[in-house]
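Reproduced below: structure_30.csv, with CSV, C-alpha atoms.
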```
chain,number,residue,atom,x,y,z
E,1,MET,CA,2.3,-21.3,-39.2
E,2,SER,CA,5.5,-19.3,-39.4
E,3,VAL,CA,6.6,-16.9,-36.8
E,4,ASN,CA,6.0,-14.0,-39.2
E,5,THR,CA,2.2,-14.6,-39.3
E,6,ILE,CA,1.8,-14.2,-35.5
E,7,GLU,CA,0.0,-10.9,-35.0
E,8,LYS,CA,1.4,-8.6,-32.5
E,9,PRO,CA,-0.8,-6.3,-30.5
E,10,VAL,CA,-0.3,-2.8,-31.7
E,11,ILE,CA,0.1,-0.3,-28.9
E,12,ASP,CA,-0.3,3.3,-30.0
E,13,ARG,CA,2.2,5.4,-28.1
E,14,SER,CA,1.7,8.5,-30.2
E,15,THR,CA,-1.4,9.5,-28.2
E,16,PRO,CA,-1.0,10.6,-24.6
E,17,LEU,CA,-2.6,8.4,-22.1
E,18,ALA,CA,-5.1,10.9,-21.1
E,19,ALA,CA,-6.5,11.2,-24.6
E,20,GLN,CA,-6.6,7.5,-25.2
E,21,LYS,CA,-10.0,5.9,-24.8
E,22,THR,CA,-9.9,3.5,-22.0
E,23,PRO,CA,-13.0,1.4,-21.9
E,24,GLU,CA,-13.3,0.4,-18.3
E,25,THR,CA,-15.5,-2.6,-18.8
E,26,THR,CA,-12.9,-4.5,-20.9
E,27,GLU,CA,-10.0,-3.7,-18.6
E,28,ARG,CA,-9.2,-6.5,-16.2
E,29,LEU,CA,-6.7,-7.2,-13.5
E,30,VAL,CA,-5.8,-10.7,-12.4
E,31,ILE,CA,-3.5,-11.3,-9.4
E,32,PHE,CA,-2.1,-14.6,-8.5
E,33,ALA,CA,-1.7,-14.5,-4.7
E,34,TRP,CA,0.9,-17.2,-3.9
E,35,SER,CA,2.4,-15.8,-0.7
E,36,GLY,CA,0.7,-15.9,2.7
E,37,GLU,CA,3.1,-13.3,4.2
E,38,LEU,CA,1.8,-10.0,5.5
E,39,ASP,CA,4.2,-7.9,3.4
E,40,LYS,CA,2.9,-9.6,0.2
E,41,VAL,CA,-0.8,-10.1,1.1
E,42,TRP,CA,-1.0,-6.4,2.0
E,43,PRO,CA,0.1,-5.1,-1.5
E,44,THR,CA,-2.0,-7.8,-3.1
E,45,LEU,CA,-5.2,-6.5,-1.4
E,46,ILE,CA,-4.2,-2.8,-1.9
E,47,LEU,CA,-3.8,-3.4,-5.7
E,48,ALA,CA,-7.0,-5.5,-5.9
E,49,THR,CA,-9.2,-3.0,-4.2
E,50,THR,CA,-7.6,-0.1,-6.1
E,51,GLY,CA,-8.1,-2.0,-9.4
E,52,ALA,CA,-11.8,-2.5,-8.6
E,53,ALA,CA,-12.0,1.2,-7.6
E,54,MET,CA,-10.5,2.1,-11.0
E,55,GLY,CA,-13.4,0.2,-12.7
E,56,LYS,CA,-11.3,-2.8,-13.6
E,57,GLU,CA,-12.9,-6.2,-13.3
E,58,THR,CA,-10.5,-7.6,-10.7
E,59,THR,CA,-9.8,-11.3,-9.8
E,60,VAL,CA,-7.5,-12.7,-7.2
E,61,PHE,CA,-6.5,-16.3,-7.4
E,62,PHE,CA,-5.3,-17.6,-4.1
E,63,THR,CA,-2.9,-20.5,-4.3
E,64,PHE,CA,-0.5,-22.4,-2.1
E,65,TRP,CA,0.6,-20.2,0.9
E,66,GLY,CA,-1.7,-17.5,-0.4
E,67,LEU,CA,-4.7,-19.7,0.7
E,68,PHE,CA,-3.9,-19.4,4.4
E,69,PRO,CA,-5.0,-15.7,4.8
E,70,LEU,CA,-8.4,-16.9,3.7
E,71,VAL,CA,-8.8,-19.3,6.6
E,72,LYS,CA,-11.3,-17.9,9.1
E,73,ASN,CA,-9.5,-16.2,12.0
E,74,GLU,CA,-11.2,-18.4,14.6
E,75,VAL,CA,-10.3,-21.7,12.9
E,76,ARG,CA,-7.2,-22.9,14.6
E,77,LEU,CA,-6.5,-26.3,13.0
E,78,THR,CA,-7.2,-27.5,9.5
E,79,GLY,CA,-6.4,-30.6,7.6
E,80,GLU,CA,-7.4,-34.3,7.8
E,81,ASN,CA,-4.2,-36.1,8.3
E,82,TRP,CA,-1.3,-35.4,10.7
E,83,MET,CA,0.8,-33.8,8.0
E,84,GLN,CA,-1.9,-31.3,7.1
E,85,LYS,CA,-2.7,-30.7,10.7
E,86,MET,CA,1.0,-30.1,11.5
E,87,LEU,CA,1.2,-27.7,8.6
E,88,SER,CA,-1.7,-25.6,9.9
E,89,ALA,CA,-0.3,-25.8,13.5
E,90,MET,CA,2.9,-24.3,12.3
E,91,ASN,CA,1.4,-21.9,9.8
E,92,ARG,CA,-1.8,-20.5,11.4
E,93,GLY,CA,-4.3,-19.2,8.9
E,94,GLY,CA,-6.4,-16.1,9.0
E,95,ASP,CA,-5.9,-12.5,7.8
E,96,GLU,CA,-5.1,-11.5,11.4
E,97,HIS,CA,-2.3,-14.0,11.9
E,98,LEU,CA,0.0,-13.1,9.0
E,99,LYS,CA,3.8,-13.2,9.4
E,100,LEU,CA,6.4,-10.9,7.9
E,101,SER,CA,8.8,-12.3,5.4
E,102,LYS,CA,11.6,-10.6,7.3
E,103,MET,CA,11.9,-9.1,10.8
E,104,ASN,CA,9.0,-11.3,12.0
E,105,PHE,CA,10.6,-11.6,15.5
E,106,ALA,CA,8.1,-14.3,16.5
E,107,GLY,CA,5.2,-12.1,15.8
E,108,ALA,CA,6.6,-8.8,17.3
E,109,GLY,CA,7.3,-7.5,13.8
E,110,PRO,CA,3.7,-7.8,12.5
E,111,ALA,CA,2.4,-6.4,15.8
E,112,MET,CA,4.6,-3.3,15.3
E,113,MET,CA,3.6,-3.1,11.6
E,114,ASN,CA,-0.1,-3.2,12.5
E,115,HIS,CA,0.5,-0.5,15.2
E,116,LEU,CA,2.2,1.7,12.6
E,117,ALA,CA,-0.6,1.0,10.1
E,118,GLY,CA,-3.1,2.1,12.7
E,119,GLU,CA,-1.3,5.3,13.4
E,120,HIS,CA,-1.0,6.1,9.7
E,121,HIS,CA,-4.6,5.2,8.9
E,122,VAL,CA,-3.6,2.4,6.6
E,123,ALA,CA,-6.4,-0.2,6.2
E,124,SER,CA,-5.5,-3.6,7.6
E,125,PRO,CA,-5.5,-6.7,5.4
E,126,HIS,CA,-8.7,-7.8,7.1
E,127,GLU,CA,-10.4,-4.4,6.2
E,128,LEU,CA,-9.0,-4.5,2.7
E,129,LEU,CA,-10.4,-8.0,2.2
E,130,GLU,CA,-13.8,-6.9,3.3
E,131,MET,CA,-13.6,-3.9,0.9
E,132,ALA,CA,-12.5,-6.1,-1.9
E,133,LYS,CA,-15.7,-8.2,-1.4
E,134,GLU,CA,-17.8,-5.0,-1.3
E,135,LEU,CA,-16.2,-3.7,-4.5
E,136,GLY,CA,-17.0,-7.0,-6.3
E,137,VAL,CA,-13.5,-8.4,-6.6
E,138,HIS,CA,-13.6,-12.0,-7.6
E,139,LEU,CA,-11.8,-14.0,-4.8
E,140,ILE,CA,-11.1,-17.5,-6.1
E,141,PRO,CA,-9.3,-20.2,-4.0
E,142,CYS,CA,-7.3,-22.8,-5.9
E,143,GLN,CA,-9.0,-26.2,-5.7
E,144,MET,CA,-5.9,-28.3,-6.0
E,145,THR,CA,-4.0,-26.5,-3.2
E,146,MET,CA,-7.0,-26.7,-1.0
E,147,ASP,CA,-7.0,-30.4,-1.4
E,148,LEU,CA,-3.2,-30.7,-1.0
E,149,LEU,CA,-3.1,-28.5,2.1
E,150,GLY,CA,-6.3,-30.0,3.6
E,151,LEU,CA,-8.3,-26.8,3.5
E,152,LYS,CA,-12.0,-27.3,3.3
E,153,ARG,CA,-14.5,-24.7,2.0
E,154,GLU,CA,-15.9,-24.3,5.5
E,155,ASP,CA,-12.4,-23.5,6.8
E,156,LEU,CA,-12.4,-20.4,4.5
E,157,ILE,CA,-14.1,-17.1,4.9
E,158,ASP,CA,-17.4,-16.3,3.3
E,159,GLY,CA,-17.7,-14.2,0.2
E,160,LEU,CA,-15.3,-16.3,-1.9
E,161,GLU,CA,-16.2,-17.7,-5.3
E,162,GLU,CA,-16.2,-21.3,-6.2
E,163,PRO,CA,-12.7,-22.9,-6.0
E,164,ALA,CA,-11.2,-23.3,-9.4
E,165,GLY,CA,-8.2,-24.7,-11.3
E,166,ALA,CA,-5.3,-23.4,-13.3
E,167,THR,CA,-7.2,-23.4,-16.6
E,168,LYS,CA,-9.9,-21.1,-15.2
E,169,ALA,CA,-7.1,-18.9,-13.8
E,170,LEU,CA,-5.3,-18.7,-17.1
E,171,ALA,CA,-8.4,-18.2,-19.1
E,172,ASP,CA,-9.4,-15.3,-16.8
E,173,ALA,CA,-5.8,-13.9,-17.1
E,174,GLN,CA,-6.0,-13.8,-20.9
E,175,GLY,CA,-5.7,-10.2,-22.1
E,176,ALA,CA,-5.7,-8.9,-18.5
E,177,ILE,CA,-3.0,-7.2,-16.4
E,178,THR,CA,-1.5,-10.1,-14.5
E,179,LEU,CA,0.6,-10.0,-11.3
E,180,PHE,CA,2.1,-12.9,-9.4
E,181,ILE,CA,2.7,-11.9,-5.8
H,1,MET,CA,-23.8,29.0,-14.7
H,2,SER,CA,-23.6,28.0,-11.1
H,3,ILE,CA,-21.3,25.2,-10.0
H,4,THR,CA,-22.7,23.0,-7.2
H,5,ILE,CA,-20.9,20.2,-5.5
H,6,ALA,CA,-23.1,17.1,-5.2
H,7,THR,CA,-20.9,15.3,-2.6
H,8,SER,CA,-18.0,16.4,-0.4
H,9,LEU,CA,-15.6,13.9,1.0
H,10,ASP,CA,-13.2,14.4,3.9
H,11,LEU,CA,-10.3,12.0,3.3
H,12,LYS,CA,-7.8,13.8,5.5
H,13,GLY,CA,-5.5,11.4,7.5
H,14,LEU,CA,-6.3,8.4,5.3
H,15,SER,CA,-3.5,6.6,3.4
H,16,CYS,CA,-3.4,4.8,0.1
H,17,PRO,CA,-5.6,3.2,-1.2
H,18,LEU,CA,-8.5,4.4,1.0
H,19,PRO,CA,-8.8,7.9,-0.5
H,20,ILE,CA,-9.3,6.5,-4.0
H,21,ILE,CA,-11.6,3.6,-2.9
H,22,LYS,CA,-13.8,6.0,-0.9
H,23,THR,CA,-13.9,8.4,-3.9
H,24,ALA,CA,-14.7,5.6,-6.4
H,25,LYS,CA,-17.6,4.4,-4.1
H,26,ALA,CA,-19.0,7.9,-3.8
H,27,MET,CA,-18.7,8.6,-7.5
H,28,LYS,CA,-21.0,5.7,-8.2
H,29,GLY,CA,-23.8,7.5,-6.5
H,30,LEU,CA,-23.5,10.6,-8.7
H,31,ALA,CA,-25.5,11.4,-11.8
H,32,PRO,CA,-23.6,12.2,-15.0
H,33,GLY,CA,-22.2,15.8,-14.9
H,34,GLU,CA,-22.4,16.1,-11.1
H,35,LEU,CA,-19.3,17.1,-9.2
H,36,LEU,CA,-17.6,15.6,-6.2
H,37,GLU,CA,-15.0,17.4,-4.1
H,38,ALA,CA,-12.5,15.6,-1.9
H,39,PHE,CA,-10.0,16.8,0.7
H,40,ALA,CA,-6.9,14.6,1.4
H,41,THR,CA,-3.6,14.9,3.2
H,42,ASP,CA,-1.9,11.9,1.6
H,43,PRO,CA,0.7,13.4,-0.8
H,44,GLY,CA,0.4,10.3,-3.0
H,45,SER,CA,-3.2,11.2,-3.6
H,46,VAL,CA,-2.1,14.0,-6.0
H,47,SER,CA,-0.9,11.5,-8.6
H,48,ASP,CA,-3.5,8.9,-7.6
H,49,PHE,CA,-6.5,11.2,-8.3
H,50,LYS,CA,-4.9,12.3,-11.6
H,51,ALA,CA,-4.4,8.7,-12.7
H,52,TRP,CA,-7.8,7.6,-11.5
H,53,ALA,CA,-9.5,10.4,-13.5
H,54,GLN,CA,-7.5,9.4,-16.6
H,55,THR,CA,-8.2,5.7,-16.4
H,56,THR,CA,-11.9,5.9,-15.5
H,57,GLY,CA,-12.7,8.9,-17.8
H,58,ASN,CA,-14.2,11.0,-15.0
H,59,PRO,CA,-12.5,14.4,-15.5
H,60,LEU,CA,-10.5,16.0,-12.7
H,61,VAL,CA,-11.7,19.5,-13.2
H,62,GLU,CA,-9.9,21.1,-10.3
H,63,SER,CA,-7.0,20.3,-8.0
H,64,GLY,CA,-4.9,22.3,-5.5
H,65,GLU,CA,-3.2,22.4,-2.2
H,66,GLU,CA,-3.7,24.7,0.8
H,67,GLY,CA,-1.9,24.3,4.1
H,68,GLY,CA,-1.0,20.6,3.5
H,69,VAL,CA,-4.5,19.7,2.4
H,70,PHE,CA,-5.0,18.6,-1.2
H,71,HIS,CA,-8.4,19.2,-2.7
H,72,PHE,CA,-9.8,17.7,-5.9
H,73,VAL,CA,-13.0,18.2,-7.9
H,74,LEU,CA,-14.1,15.3,-10.1
H,75,LYS,CA,-16.9,15.4,-12.6
H,76,LYS,CA,-18.9,12.3,-13.2
H,77,LYS,CA,-18.6,11.4,-16.8
H,78,GLU,CA,-21.5,11.3,-19.2
H,79,MET,CA,-22.7,7.7,-19.9
```
As structure tokens, the full file:
Amino acid sequence: MSVNTIEKPVIDRSTPLAAQKTPETTERLVIFAWSGELDKVWPTLILATTGAAMGKETTVFFTFWGLFPLVKNEVRLTGENWMQKMLSAMNRGGDEHLKLSKMNFAGAGPAMMNHLAGEHHVASPHELLEMAKELGVHLIPCQMTMDLLGLKREDLIDGLEEPAGATKALADAQGAITLFI
Amino acid sequence: MSITIATSLDLKGLSCPLPIIKTAKAMKGLAPGELLEAFATDPGSVSDFKAWAQTTGNPLVESGEEGGVFHFVLKKKEM
């Protein structure tokens, strides 16, 4: 097959957005949540809940550091061997224990950020995660990283879908808006 | 023709994305053609409500501002 035969999707820019028919059922948003930091998990959950509120079928794949926010807040140590245990000891899971990527100041940064969020009536990551479940966002943990990091299904919060792999993630992402955060 | 508002939402003080999420939830409970009004103070809600109406196909039939409070009227689209 030559390059010329590849069909390019035609985007009609002549019609204003408002007049274009946007079938909500076919529109999908897929977010790859790679980071476990507060300042990345927050926008991930804001976009996921908003996507669902806009009628988009929304999926968030949680992989690598992104899995730790899904650990139950009361679970302190995870992992089977000393390396995995050490990892969880130094990188506590749970959506109430997220660190900032900058200005963390040993936890003082997130505390101030949460205080500001409360004052400005910004929903917390925990509240947004609950809303995402309510709105039917598909929350899918990555099976391979769960195994690698020693996170078991019972370490993670309820309301998640079955852990899946990269193929399922990419198949879902086909034709969808995709974000890697 | 009389215009009746089926649901009224007080979203004052709430920040993004809560006004839209609460609106989207409330709109689910409306019958086609019914109206929802919302009051918000988040300046971002002006463009958010417009964009939400455009992408979901539920028309924004009225919007305005009075004393720092933005108000919106959305119409539930026909099926």
Could you please give me, as a PDB file with C-alpha atoms, in the frame of the given file, the residues of protein, DNA or RNA lying at most 8 Å from (-19.9, 8.1, -14.3) in the coordinate frame of the file, considering only C-alpha atoms?
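Result file part34.pdb:
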```
ATOM      1  CA  MET H  27     -18.700   8.600  -7.500  1.00  0.00           C
ATOM      2  CA  LYS H  28     -21.000   5.700  -8.200  1.00  0.00           C
ATOM      3  CA  LEU H  30     -23.500  10.600  -8.700  1.00  0.00           C
ATOM      4  CA  ALA H  31     -25.500  11.400 -11.800  1.00  0.00           C
ATOM      5  CA  PRO H  32     -23.600  12.200 -15.000  1.00  0.00           C
ATOM      6  CA  ASN H  58     -14.200  11.000 -15.000  1.00  0.00           C
ATOM      7  CA  LYS H  76     -18.900  12.300 -13.200  1.00  0.00           C
ATOM      8  CA  LYS H  77     -18.600  11.400 -16.800  1.00  0.00           C
ATOM      9  CA  GLU H  78     -21.500  11.300 -19.200  1.00  0.00           C
ATOM     10  CA  MET H  79     -22.700   7.700 -19.900  1.00  0.00           C
TER      11      MET H  79
END
```
Next on the checklist: Could you check the closest approach to chain H for each of E:Glu134, E:Glu154, E:Glu80, E:Asp39 and tell me which residue wins, using all atoms listed in the file?
Outcome noted: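 With all atoms listed in the file as the atom set, the closest residue is E:Glu134.
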Kindly determine which residues of chain H lie within 12 Å of chain E, considering all atoms listed in the file, and give the answer as a compact mmCIF listing (two decimals) with C-alpha atoms, in the coordinates of the input.
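Result went into iface_0.txt, see below:
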```
# COMPACT_ATOMS: atom_id res chain seq x y z
CA LEU H 11 -10.30 12.00 3.30
CA LYS H 12 -7.80 13.80 5.50
CA GLY H 13 -5.50 11.40 7.50
CA LEU H 14 -6.30 8.40 5.30
CA SER H 15 -3.50 6.60 3.40
CA CYS H 16 -3.40 4.80 0.10
CA PRO H 17 -5.60 3.20 -1.20
CA LEU H 18 -8.50 4.40 1.00
CA PRO H 19 -8.80 7.90 -0.50
CA ILE H 20 -9.30 6.50 -4.00
CA ILE H 21 -11.60 3.60 -2.90
CA LYS H 22 -13.80 6.00 -0.90
CA THR H 23 -13.90 8.40 -3.90
CA ALA H 24 -14.70 5.60 -6.40
CA LYS H 25 -17.60 4.40 -4.10
CA ALA H 26 -19.00 7.90 -3.80
CA MET H 27 -18.70 8.60 -7.50
CA LYS H 28 -21.00 5.70 -8.20
CA THR H 41 -3.60 14.90 3.20
CA ASP H 42 -1.90 11.90 1.60
CA ASP H 48 -3.50 8.90 -7.60
CA PHE H 49 -6.50 11.20 -8.30
CA LYS H 50 -4.90 12.30 -11.60
CA ALA H 51 -4.40 8.70 -12.70
CA TRP H 52 -7.80 7.60 -11.50
CA ALA H 53 -9.50 10.40 -13.50
CA GLN H 54 -7.50 9.40 -16.60
CA THR H 55 -8.20 5.70 -16.40
CA THR H 56 -11.90 5.90 -15.50
CA GLY H 57 -12.70 8.90 -17.80
CA ASN H 58 -14.20 11.00 -15.00
CA PRO H 59 -12.50 14.40 -15.50
CA LEU H 60 -10.50 16.00 -12.70
CA MET H 79 -22.70 7.70 -19.90
```
Checklist entry - So what do you get for atom CA of E:Ala89 versus atom CA of E:Gly107, distance-wise? => result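 These two atoms are separated by 14.9 Å.
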Item to check | Contacts of E:Glu161 within 12 Å, only C-alpha atoms, excl. fewer than 6 positions in-chain, as a list in words | outcome: Thr59, Val60, Phe61, Phe62, Leu70, Lys133, Gly136, Val137, His138, Leu139, Ile140, Pro141, Cys142, Gln143 and Arg153 of chain E
Next on the checklist: Using all atoms listed in the file, which protein or nucleic acid residues come within 9 Å of stretch 71-78 of chain E? Drop anything in the same chain fewer than 6 positions from it, and give the result as an NGL selection string.
Outcome noted: :E and (84-89 or 92-97 or 149-152 or 154-158)
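Excluding stretch 64-71 of chain H itself and same-chain residues fewer than 5 positions from it, the residues having an atom within 9 Å of it are H:Lys12, H:Glu37, H:Ala38, H:Phe39, H:Ala40, H:Thr41, H:Asp42, H:Pro43, H:Ser45, H:Val46, counting only C-alpha atoms.
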Item to check | Protein/DNA/RNA residues near (-2.7, -17.8, -6.3), cut 12 Å, all atoms listed in the file, as a ChimeraX atom specification | outcome: /E:30-36,40-41,44,59-70,139-146,163-166,168-170,173,178-181
Next on the checklist: Just to confirm, what's the straight-line distance from atom CA of E:Asn114 to atom CA of E:Glu37 in Å (one decimal)?
Outcome noted: 13.5 Å
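The spacing separating atom CA of E:Leu148 from atom CA of E:Gly79 amounts to 9.2 Å.
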Selection near stretch 3-6 of chain H, 7 Å with all atoms listed in the file, sequence-local residues under 6 positions removed, as an mmCIF file with C-alpha atoms, in the coordinates of the input:
```
data_model
loop_
_atom_site.group_PDB
_atom_site.id
_atom_site.type_symbol
_atom_site.label_atom_id
_atom_site.label_comp_id
_atom_site.auth_asym_id
_atom_site.auth_seq_id
_atom_site.Cartn_x
_atom_site.Cartn_y
_atom_site.Cartn_z
ATOM 1 C CA GLU H 34 -22.400 16.100 -11.100
ATOM 2 C CA LEU H 35 -19.300 17.100 -9.200
ATOM 3 C CA LEU H 36 -17.600 15.600 -6.200
ATOM 4 C CA GLU H 37 -15.000 17.400 -4.100
#
```
